[in-house]
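Engineer: I'd like to ask some things about the structure below.
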Amino acid sequence: YYDEKSKGGYIGLIITEHSYVSPEGKASSAQVSIASDDAIEGFKKLCDVIHQNGSKIFAQISHAGMMAKEETTGFKAIAPSSIENPKRTELPIPEEMTKKQIELIKQNFIQAAVRVKKAGCDGVEIHSAHGYLLNQFYSPLSNYRTDEYGGTLENRIRLHLEIIEGIRKELGPDYPIALRLGACDYTDHGSTIDDAVKAAKLFEKAGVDLLDISGGFNGYIIPNVNHEGYFSNVTETIKQAVNIPVICTGGILDPEIAETLLKDNKADLIGVGRAILKDSLWPKTAF
């Protein structure tokens, strides 16, 4: 699949689909693992194929949190708070994470990033979007904690910052770290653009090199909005507040629209996953 999509080296950067950092954080039965050292060899093969075709690769790492299903993982779902999933009410109510579990998850993310580097990937992307665990900490919709991991925005992203700090310590000052942020929930009482800007500044300060902007608990959409590049208003605002590159995604299929978004300073890079999923030759014909 990646050989086909990366032929010709037209794609500057390929960010792989999210891989789980620990077994209880597996989001689906067919999801790729980065949870143990035996995953490194497979990622090496993936890196080799993409590099031979002339592109760079970042591996995206995640934990599903309350989105995980016990029938898939064999474990009860865990989350920042023991509340009903704001968008997936059919799922069982998860168990609230203890401090010990939070520390373990932090180490899981850090060690997953170490494996990503060992495999030869050019960078690692931390997944905090689409209602997965780190997004659950970030969003007021799912984080009701009253300790240092809940309440204020600084507390809600404390785990993110600790993970970033730990990865940076392990991988050195120059290894690229990206963060995919579900910037806004587009729901009453959810995360806002002000939250996203404030968080983006703190992520940059902590050592993140690239921000990949998407939606929060509504997933990769904005309700009732379907024009191409629908996250561009968010990326433009964040771009004005930080000094690191910002990726704009959001149903972008037309190369001319992608180019216009760049020229208009809406973002520094354009994510076109759906376009390439539909048409493996899209990157070639876009030139």
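Each chain in the structure tokens gets a letter, A, B and so on, in the order shown; residues start at 1 in every chain, and ligands are counted from 1 in the order they appear.
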Need to verify the contact set: Lys266 in chain A, 7 Å, only C-alpha atoms, exclusion of same-chain residues closer than 4 positions in sequence. Can you return it as a list in words?

Structural biologist: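 Result of the neighbour search: Ser232, Thr235, Glu236, Leu261 and Leu262 of chain A.
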
Engineer: Keeping only all heavy atoms, write the selected residues as a PDB file, in the first residue's frame.

Structural biologist:
ATOM      1  N   SER A 232      -8.980  25.405   7.857  1.00  0.00           N
ATOM      2  CA  SER A 232      -8.027  26.471   7.524  1.00  0.00           C
ATOM      3  C   SER A 232      -8.177  27.701   8.417  1.00  0.00           C
ATOM      4  O   SER A 232      -7.181  28.392   8.681  1.00  0.00           O
ATOM      5  CB  SER A 232      -8.156  26.872   6.054  1.00  0.00           C
ATOM      6  OG  SER A 232      -9.461  27.347   5.760  1.00  0.00           O
ATOM      7  N   THR A 235      -6.128  26.711  11.427  1.00  0.00           N
ATOM      8  CA  THR A 235      -4.684  26.668  11.173  1.00  0.00           C
ATOM      9  C   THR A 235      -4.123  28.069  10.957  1.00  0.00           C
ATOM     10  O   THR A 235      -3.007  28.362  11.386  1.00  0.00           O
ATOM     11  CB  THR A 235      -4.348  25.778   9.962  1.00  0.00           C
ATOM     12  OG1 THR A 235      -5.054  26.236   8.799  1.00  0.00           O
ATOM     13  CG2 THR A 235      -4.715  24.337  10.236  1.00  0.00           C
ATOM     14  N   GLU A 236      -4.880  28.935  10.297  1.00  0.00           N
ATOM     15  CA  GLU A 236      -4.418  30.304  10.089  1.00  0.00           C
ATOM     16  C   GLU A 236      -4.201  31.020  11.423  1.00  0.00           C
ATOM     17  O   GLU A 236      -3.184  31.697  11.633  1.00  0.00           O
ATOM     18  CB  GLU A 236      -5.422  31.085   9.253  1.00  0.00           C
ATOM     19  CG  GLU A 236      -5.014  32.527   8.975  1.00  0.00           C
ATOM     20  CD  GLU A 236      -6.029  33.278   8.143  1.00  0.00           C
ATOM     21  OE1 GLU A 236      -7.226  32.923   8.197  1.00  0.00           O
ATOM     22  OE2 GLU A 236      -5.627  34.219   7.436  1.00  0.00           O
ATOM     23  N   LEU A 261      -4.349  27.791  -0.324  1.00  0.00           N
ATOM     24  CA  LEU A 261      -4.255  27.806   1.140  1.00  0.00           C
ATOM     25  C   LEU A 261      -2.840  28.159   1.585  1.00  0.00           C
ATOM     26  O   LEU A 261      -2.644  28.892   2.562  1.00  0.00           O
ATOM     27  CB  LEU A 261      -4.672  26.447   1.708  1.00  0.00           C
ATOM     28  CG  LEU A 261      -6.158  26.105   1.620  1.00  0.00           C
ATOM     29  CD1 LEU A 261      -6.384  24.629   1.941  1.00  0.00           C
ATOM     30  CD2 LEU A 261      -6.982  26.975   2.559  1.00  0.00           C
ATOM     31  N   LEU A 262      -1.854  27.658   0.868  1.00  0.00           N
ATOM     32  CA  LEU A 262      -0.459  27.978   1.189  1.00  0.00           C
ATOM     33  C   LEU A 262      -0.135  29.437   0.861  1.00  0.00           C
ATOM     34  O   LEU A 262       0.468  30.145   1.672  1.00  0.00           O
ATOM     35  CB  LEU A 262       0.479  27.046   0.425  1.00  0.00           C
ATOM     36  CG  LEU A 262       0.441  25.562   0.802  1.00  0.00           C
ATOM     37  CD1 LEU A 262       1.312  24.754  -0.146  1.00  0.00           C
ATOM     38  CD2 LEU A 262       0.881  25.341   2.243  1.00  0.00           C
TER      39      LEU A 262
END

Engineer: When DSSP works through the backbone of this structure, what residues of range 199-252 of chain A end up as strand (DSSP E or B), shown as JSON, numbers by chain?

Structural biologist: {"A": [210, 211, 212, 213, 214, 215, 222, 225, 246, 247, 248]}

Engineer: Which residues come within 8 Å of range 215-231 of chain A, counting only C-alpha atoms, excluding same-chain residues fewer than 4 positions away, as a list in words?

Structural biologist: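 The residues that qualify are Pro86, Lys87, Ala129, His130, Gly131, Asn135, Ser139, Leu181, Gly182, Ala183, Cys184, Asp185, Tyr186, Ser191, Thr235, Cys248, Thr249, Gly250, Gly251, Ile252, Leu253, Asp254, Ile257, Ala258 and Leu261 of chain A.
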
Engineer: Could you name the residues that touch Ile102 in chain A at 12 Å or less, counting only C-alpha atoms, but leaving out those on the same chain fewer than 2 positions away, as a PDB file with N, CA and C atoms, in the first residue's frame?

Structural biologist:
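The resulting file, selection_1.pdb, is reproduced below:
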ATOM      1  N   HIS A  63      -3.142   6.241  21.848  1.00  0.00           N
ATOM      2  CA  HIS A  63      -3.843   5.364  22.794  1.00  0.00           C
ATOM      3  C   HIS A  63      -5.312   5.722  22.681  1.00  0.00           C
ATOM      4  N   GLY A  65      -7.886   5.123  24.755  1.00  0.00           N
ATOM      5  CA  GLY A  65      -8.615   5.549  25.945  1.00  0.00           C
ATOM      6  C   GLY A  65     -10.037   5.016  25.957  1.00  0.00           C
ATOM      7  N   ILE A  78     -10.043   2.741  29.768  1.00  0.00           N
ATOM      8  CA  ILE A  78      -9.659   3.744  30.759  1.00  0.00           C
ATOM      9  C   ILE A  78      -9.696   5.122  30.107  1.00  0.00           C
ATOM     10  N   ALA A  79      -9.839   6.145  30.928  1.00  0.00           N
ATOM     11  CA  ALA A  79      -9.974   7.511  30.421  1.00  0.00           C
ATOM     12  C   ALA A  79      -9.633   8.486  31.538  1.00  0.00           C
ATOM     13  N   PRO A  80      -9.502   9.766  31.219  1.00  0.00           N
ATOM     14  CA  PRO A  80      -9.242  10.752  32.275  1.00  0.00           C
ATOM     15  C   PRO A  80     -10.300  10.732  33.362  1.00  0.00           C
ATOM     16  N   SER A  81     -11.571  10.555  32.935  1.00  0.00           N
ATOM     17  CA  SER A  81     -12.685  10.545  33.888  1.00  0.00           C
ATOM     18  C   SER A  81     -13.641   9.408  33.566  1.00  0.00           C
ATOM     19  N   GLU A  96     -11.829   5.587  35.510  1.00  0.00           N
ATOM     20  CA  GLU A  96     -10.966   6.761  35.626  1.00  0.00           C
ATOM     21  C   GLU A  96      -9.537   6.326  35.900  1.00  0.00           C
ATOM     22  N   MET A  97      -8.594   6.924  35.200  1.00  0.00           N
ATOM     23  CA  MET A  97      -7.196   6.552  35.331  1.00  0.00           C
ATOM     24  C   MET A  97      -6.621   7.007  36.671  1.00  0.00           C
ATOM     25  N   THR A  98      -5.829   6.139  37.260  1.00  0.00           N
ATOM     26  CA  THR A  98      -5.100   6.490  38.473  1.00  0.00           C
ATOM     27  C   THR A  98      -3.808   7.213  38.078  1.00  0.00           C
ATOM     28  N   LYS A  99      -3.161   7.827  39.055  1.00  0.00           N
ATOM     29  CA  LYS A  99      -1.875   8.478  38.794  1.00  0.00           C
ATOM     30  C   LYS A  99      -0.856   7.454  38.275  1.00  0.00           C
ATOM     31  N   LYS A 100      -0.907   6.260  38.814  1.00  0.00           N
ATOM     32  CA  LYS A 100       0.014   5.212  38.385  1.00  0.00           C
ATOM     33  C   LYS A 100      -0.230   4.861  36.916  1.00  0.00           C
ATOM     34  N   LEU A 104       2.270   5.293  33.654  1.00  0.00           N
ATOM     35  CA  LEU A 104       2.552   4.166  32.769  1.00  0.00           C
ATOM     36  C   LEU A 104       2.283   4.540  31.310  1.00  0.00           C
ATOM     37  N   ILE A 105       1.160   5.220  31.067  1.00  0.00           N
ATOM     38  CA  ILE A 105       0.833   5.645  29.703  1.00  0.00           C
ATOM     39  C   ILE A 105       1.893   6.602  29.173  1.00  0.00           C
ATOM     40  N   LYS A 106       2.347   7.499  30.017  1.00  0.00           N
ATOM     41  CA  LYS A 106       3.409   8.417  29.614  1.00  0.00           C
ATOM     42  C   LYS A 106       4.637   7.636  29.147  1.00  0.00           C
ATOM     43  N   GLN A 107       5.039   6.651  29.923  1.00  0.00           N
ATOM     44  CA  GLN A 107       6.196   5.842  29.554  1.00  0.00           C
ATOM     45  C   GLN A 107       5.930   5.036  28.276  1.00  0.00           C
ATOM     46  N   ASN A 108       4.695   4.572  28.098  1.00  0.00           N
ATOM     47  CA  ASN A 108       4.329   3.849  26.879  1.00  0.00           C
ATOM     48  C   ASN A 108       4.540   4.720  25.641  1.00  0.00           C
ATOM     49  N   PHE A 109       4.108   5.969  25.710  1.00  0.00           N
ATOM     50  CA  PHE A 109       4.297   6.886  24.586  1.00  0.00           C
ATOM     51  C   PHE A 109       5.780   7.139  24.333  1.00  0.00           C
ATOM     52  N   LEU A 133      -7.225   9.129  23.531  1.00  0.00           N
ATOM     53  CA  LEU A 133      -6.919   9.388  24.936  1.00  0.00           C
ATOM     54  C   LEU A 133      -6.369  10.789  25.211  1.00  0.00           C
ATOM     55  N   LEU A 134      -5.329  11.202  24.498  1.00  0.00           N
ATOM     56  CA  LEU A 134      -4.757  12.521  24.798  1.00  0.00           C
ATOM     57  C   LEU A 134      -5.750  13.632  24.473  1.00  0.00           C
ATOM     58  N   PHE A 137      -7.959  14.016  27.413  1.00  0.00           N
ATOM     59  CA  PHE A 137      -7.392  14.874  28.467  1.00  0.00           C
ATOM     60  C   PHE A 137      -7.544  16.346  28.081  1.00  0.00           C
ATOM     61  N   GLU A 148      -4.076  17.584  39.233  1.00  0.00           N
ATOM     62  CA  GLU A 148      -3.229  18.393  38.357  1.00  0.00           C
ATOM     63  C   GLU A 148      -3.355  18.036  36.880  1.00  0.00           C
ATOM     64  N   TYR A 149      -4.160  17.035  36.543  1.00  0.00           N
ATOM     65  CA  TYR A 149      -4.392  16.665  35.150  1.00  0.00           C
ATOM     66  C   TYR A 149      -5.773  17.097  34.647  1.00  0.00           C
ATOM     67  N   ARG A 158      -1.193  18.706  30.602  1.00  0.00           N
ATOM     68  CA  ARG A 158       0.007  18.355  31.371  1.00  0.00           C
ATOM     69  C   ARG A 158       0.604  17.027  30.893  1.00  0.00           C
ATOM     70  N   LEU A 159      -0.244  16.034  30.644  1.00  0.00           N
ATOM     71  CA  LEU A 159       0.257  14.737  30.188  1.00  0.00           C
ATOM     72  C   LEU A 159       0.936  14.883  28.829  1.00  0.00           C
ATOM     73  N   HIS A 160       0.357  15.669  27.931  1.00  0.00           N
ATOM     74  CA  HIS A 160       1.009  15.933  26.646  1.00  0.00           C
ATOM     75  C   HIS A 160       2.426  16.468  26.863  1.00  0.00           C
ATOM     76  N   GLU A 162       4.360  16.344  29.451  1.00  0.00           N
ATOM     77  CA  GLU A 162       5.268  15.369  30.069  1.00  0.00           C
ATOM     78  C   GLU A 162       5.744  14.350  29.035  1.00  0.00           C
ATOM     79  N   ILE A 163       4.847  13.948  28.130  1.00  0.00           N
ATOM     80  CA  ILE A 163       5.231  13.011  27.062  1.00  0.00           C
ATOM     81  C   ILE A 163       6.235  13.658  26.126  1.00  0.00           C
TER      82      ILE A 163
END

Engineer: Between A:Ala199, A:Ala178, A:Leu210, A:Val124, which is the closest to Thr152 in chain A once you count only C-alpha atoms?

Structural biologist: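 For Thr152 in chain A, the nearest of the candidates is A:Ala199.
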
Engineer: Could you list, as a tab-separated table (two decimals) with N, CA and C atoms, in the first residue's frame, every residue within 10 Å of Glu165 in chain A, counting only C-alpha atoms and ignoring same-chain residues fewer than 2 positions away?

Structural biologist:
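File selection_22.tsv, as written:
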chain	number	residue	atom	x	y	z
A	110	ILE	N	6.52	7.36	25.39
A	110	ILE	CA	7.95	7.65	25.24
A	110	ILE	C	8.68	6.46	24.61
A	159	LEU	N	-0.24	16.03	30.64
A	159	LEU	CA	0.26	14.74	30.19
A	159	LEU	C	0.94	14.88	28.83
A	160	HIS	N	0.36	15.67	27.93
A	160	HIS	CA	1.01	15.93	26.65
A	160	HIS	C	2.43	16.47	26.86
A	161	LEU	N	2.52	17.48	27.71
A	161	LEU	CA	3.81	18.15	27.92
A	161	LEU	C	4.82	17.20	28.55
A	162	GLU	N	4.36	16.34	29.45
A	162	GLU	CA	5.27	15.37	30.07
A	162	GLU	C	5.74	14.35	29.03
A	163	ILE	N	4.85	13.95	28.13
A	163	ILE	CA	5.23	13.01	27.06
A	163	ILE	C	6.24	13.66	26.13
A	167	ILE	N	10.00	12.32	25.48
A	167	ILE	CA	10.47	11.93	24.15
A	167	ILE	C	11.70	12.75	23.77
A	168	ARG	N	11.63	14.04	24.03
A	168	ARG	CA	12.76	14.91	23.69
A	168	ARG	C	14.01	14.48	24.45
A	169	LYS	N	13.86	14.12	25.72
A	169	LYS	CA	15.00	13.67	26.54
A	169	LYS	C	15.60	12.40	25.97
A	170	GLU	N	14.76	11.47	25.51
A	170	GLU	CA	15.23	10.19	25.01
A	170	GLU	C	15.82	10.30	23.60
A	203	PHE	N	2.94	23.75	23.44
A	203	PHE	CA	3.55	22.60	22.77
A	203	PHE	C	4.84	23.01	22.08
A	206	ALA	N	7.51	23.41	24.59
A	206	ALA	CA	7.94	22.12	25.14
A	206	ALA	C	8.86	21.36	24.19
A	207	GLY	N	8.85	21.74	22.90
A	207	GLY	CA	9.75	21.06	21.98
A	207	GLY	C	9.12	20.44	20.76
A	208	VAL	N	7.83	20.69	20.53
A	208	VAL	CA	7.17	20.17	19.32
A	208	VAL	C	7.66	20.96	18.11

Engineer: From the set A:Ala286, A:Ala59, A:Leu277, A:Ile157, which residue has the shortest atom-to-atom contact distance to Pro176 in chain A, counting only C-alpha atoms?

Structural biologist: A:Ala59

Engineer: Counting only C-alpha atoms, figure out which residue out of A:Asn243, A:Ser280, A:Thr16, A:Thr260 gets nearest to Cys121 in chain A.

Structural biologist: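 Among A:Asn243, A:Ser280, A:Thr16, A:Thr260, it is A:Thr16 that comes nearest to Cys121 in chain A.
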
Engineer: From a DSSP pass on the backbone, collect the residues of range 35-121 of chain A flagged as helix (DSSP H, G or I) and hand them back as an MDAnalysis selection string.

Structural biologist: chainID A and resid 37:52 65:67 70:73 99:118
